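Below you'll find the structure, written out as C-alpha cells, and then a few comments.
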Amino acid sequence: MDAEVSEKVVPEDSQPTPTPAGSKRVNVVFSADQFEKLQSLAAKQNITLSDALRQAISLSSLIVDANADANTQVLLKQGNNVQELKLVR
C-alpha cells in the first residue's frame, strides 16, 4: 500500500473547516509504517482514518485504565493461548 505524501500551503487568511461544538481538531504526523497500519485498519473495517484513530484511542484508554486497576485485566485468547494486553512505552 503506497501512501502519497504532499505538502499543502494554506494562506494565513483562510478559515479552517468548522469543528462541531465541544470537539477539538489535531494535526498528527505519523511514520510511514504507522500510517500504513492506520490505513489498513480503516480499510479492513470500511471506516475513515479518523474513525480508526478514534477506535485506537478508545482501545488504548481501556487497556491503560485496566492496567491501572490491580483487579482488572484485558485478556486476548487465541485457541488455548491467553495473554494479558498491556501497553509498553
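Residues are named by chain letter and number: chains run A, B, ... in the order of the C-alpha cells, numbers start at 1 in each chain, and ligands are numbered from 1 in the order shown.
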
Strand (DSSP E) positions in chain A, given as JSON, numbers by chain:
{"A": [75, 76, 77, 78, 81, 82, 83, 84]}

Include N, CA and C atoms and write out the residues we just selected as a PDB file, in the first residue's frame.
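Saved as out.pdb:
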```
ATOM      1  N   LEU A  75      -7.664  -9.472  28.532  1.00  0.00           N
ATOM      2  CA  LEU A  75      -7.065 -10.712  28.049  1.00  0.00           C
ATOM      3  C   LEU A  75      -7.398 -10.947  26.580  1.00  0.00           C
ATOM      4  N   LEU A  76      -6.433 -11.510  25.875  1.00  0.00           N
ATOM      5  CA  LEU A  76      -6.608 -11.906  24.487  1.00  0.00           C
ATOM      6  C   LEU A  76      -6.443 -13.415  24.432  1.00  0.00           C
ATOM      7  N   LYS A  77      -7.488 -14.106  23.987  1.00  0.00           N
ATOM      8  CA  LYS A  77      -7.438 -15.563  23.918  1.00  0.00           C
ATOM      9  C   LYS A  77      -7.412 -15.985  22.456  1.00  0.00           C
ATOM     10  N   GLN A  78      -6.379 -16.757  22.094  1.00  0.00           N
ATOM     11  CA  GLN A  78      -6.256 -17.329  20.759  1.00  0.00           C
ATOM     12  C   GLN A  78      -6.089 -18.822  20.944  1.00  0.00           C
ATOM     13  N   ASN A  81      -4.160 -20.346  23.992  1.00  0.00           N
ATOM     14  CA  ASN A  81      -3.194 -19.349  24.440  1.00  0.00           C
ATOM     15  C   ASN A  81      -3.924 -18.097  24.926  1.00  0.00           C
ATOM     16  N   VAL A  82      -3.661 -17.673  26.177  1.00  0.00           N
ATOM     17  CA  VAL A  82      -4.267 -16.484  26.752  1.00  0.00           C
ATOM     18  C   VAL A  82      -3.154 -15.531  27.160  1.00  0.00           C
ATOM     19  N   GLN A  83      -3.261 -14.284  26.699  1.00  0.00           N
ATOM     20  CA  GLN A  83      -2.266 -13.267  27.025  1.00  0.00           C
ATOM     21  C   GLN A  83      -2.944 -12.038  27.591  1.00  0.00           C
ATOM     22  N   GLU A  84      -2.278 -11.380  28.542  1.00  0.00           N
ATOM     23  CA  GLU A  84      -2.773 -10.119  29.061  1.00  0.00           C
ATOM     24  C   GLU A  84      -2.267  -9.008  28.163  1.00  0.00           C
TER      25      GLU A  84
END
```

So how far away is atom CA of Ser60 of chain A from atom CA of Ser31 of chain A, in Å?
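Here the two named atoms are 18.8 Å from each other.
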
May I have the residues within 12 Å of Thr72 of chain A as a VMD selection string, using only C-alpha atoms and disregarding those fewer than 3 positions away in the same chain?
chain A and resid 62 to 69 75 84 to 86

Write out the residues from the selection above, keeping N, CA and C atoms, as a PDB file, in the first residue's frame.
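Now in out-v7.pdb:
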```pdb
ATOM      1  N   LEU A  62      -8.874   1.973  27.317  1.00  0.00           N
ATOM      2  CA  LEU A  62      -9.390   0.807  28.032  1.00  0.00           C
ATOM      3  C   LEU A  62      -8.253  -0.005  28.638  1.00  0.00           C
ATOM      4  N   ILE A  63      -7.194  -0.228  27.865  1.00  0.00           N
ATOM      5  CA  ILE A  63      -6.049  -1.015  28.344  1.00  0.00           C
ATOM      6  C   ILE A  63      -5.315  -0.284  29.465  1.00  0.00           C
ATOM      7  N   VAL A  64      -5.076   1.010  29.287  1.00  0.00           N
ATOM      8  CA  VAL A  64      -4.380   1.796  30.318  1.00  0.00           C
ATOM      9  C   VAL A  64      -5.185   1.800  31.617  1.00  0.00           C
ATOM     10  N   ASP A  65      -6.487   2.020  31.517  1.00  0.00           N
ATOM     11  CA  ASP A  65      -7.339   2.027  32.719  1.00  0.00           C
ATOM     12  C   ASP A  65      -7.335   0.660  33.396  1.00  0.00           C
ATOM     13  N   ALA A  66      -7.411  -0.407  32.619  1.00  0.00           N
ATOM     14  CA  ALA A  66      -7.400  -1.755  33.188  1.00  0.00           C
ATOM     15  C   ALA A  66      -6.072  -2.049  33.868  1.00  0.00           C
ATOM     16  N   ASN A  67      -4.973  -1.634  33.250  1.00  0.00           N
ATOM     17  CA  ASN A  67      -3.652  -1.872  33.835  1.00  0.00           C
ATOM     18  C   ASN A  67      -3.435  -1.084  35.119  1.00  0.00           C
ATOM     19  N   ALA A  68      -4.138   0.031  35.271  1.00  0.00           N
ATOM     20  CA  ALA A  68      -4.009   0.854  36.479  1.00  0.00           C
ATOM     21  C   ALA A  68      -4.785   0.265  37.652  1.00  0.00           C
ATOM     22  N   ASP A  69      -5.702  -0.653  37.368  1.00  0.00           N
ATOM     23  CA  ASP A  69      -6.530  -1.289  38.395  1.00  0.00           C
ATOM     24  C   ASP A  69      -6.007  -2.704  38.648  1.00  0.00           C
ATOM     25  N   LEU A  75      -7.664  -9.472  28.532  1.00  0.00           N
ATOM     26  CA  LEU A  75      -7.065 -10.712  28.049  1.00  0.00           C
ATOM     27  C   LEU A  75      -7.398 -10.947  26.580  1.00  0.00           C
ATOM     28  N   GLU A  84      -2.278 -11.380  28.542  1.00  0.00           N
ATOM     29  CA  GLU A  84      -2.773 -10.119  29.061  1.00  0.00           C
ATOM     30  C   GLU A  84      -2.267  -9.008  28.163  1.00  0.00           C
ATOM     31  N   LEU A  85      -3.165  -8.078  27.807  1.00  0.00           N
ATOM     32  CA  LEU A  85      -2.778  -6.947  26.979  1.00  0.00           C
ATOM     33  C   LEU A  85      -2.293  -5.810  27.869  1.00  0.00           C
ATOM     34  N   LYS A  86      -1.105  -5.309  27.562  1.00  0.00           N
ATOM     35  CA  LYS A  86      -0.539  -4.158  28.256  1.00  0.00           C
ATOM     36  C   LYS A  86       0.116  -3.270  27.213  1.00  0.00           C
TER      37      LYS A  86
END
```

Near Ser50 of chain A, within 12 Å and counting only C-alpha atoms, which residues show up once chain neighbours fewer than 3 positions away are dropped, as a PyMOL selection string?
chain A and resi 25-28+35+38-39+41-43+46-47+53-57

Could you please write out, as JSON, numbers by chain, every residue of chain A that DSSP assigns to helix (DSSP H, G or I)?
{"A": [32, 33, 34, 35, 36, 37, 38, 39, 40, 41, 42, 43, 44, 45, 49, 50, 51, 52, 53, 54, 55, 56, 57, 58, 59, 60, 61, 62, 63, 64, 65, 66, 67, 68]}
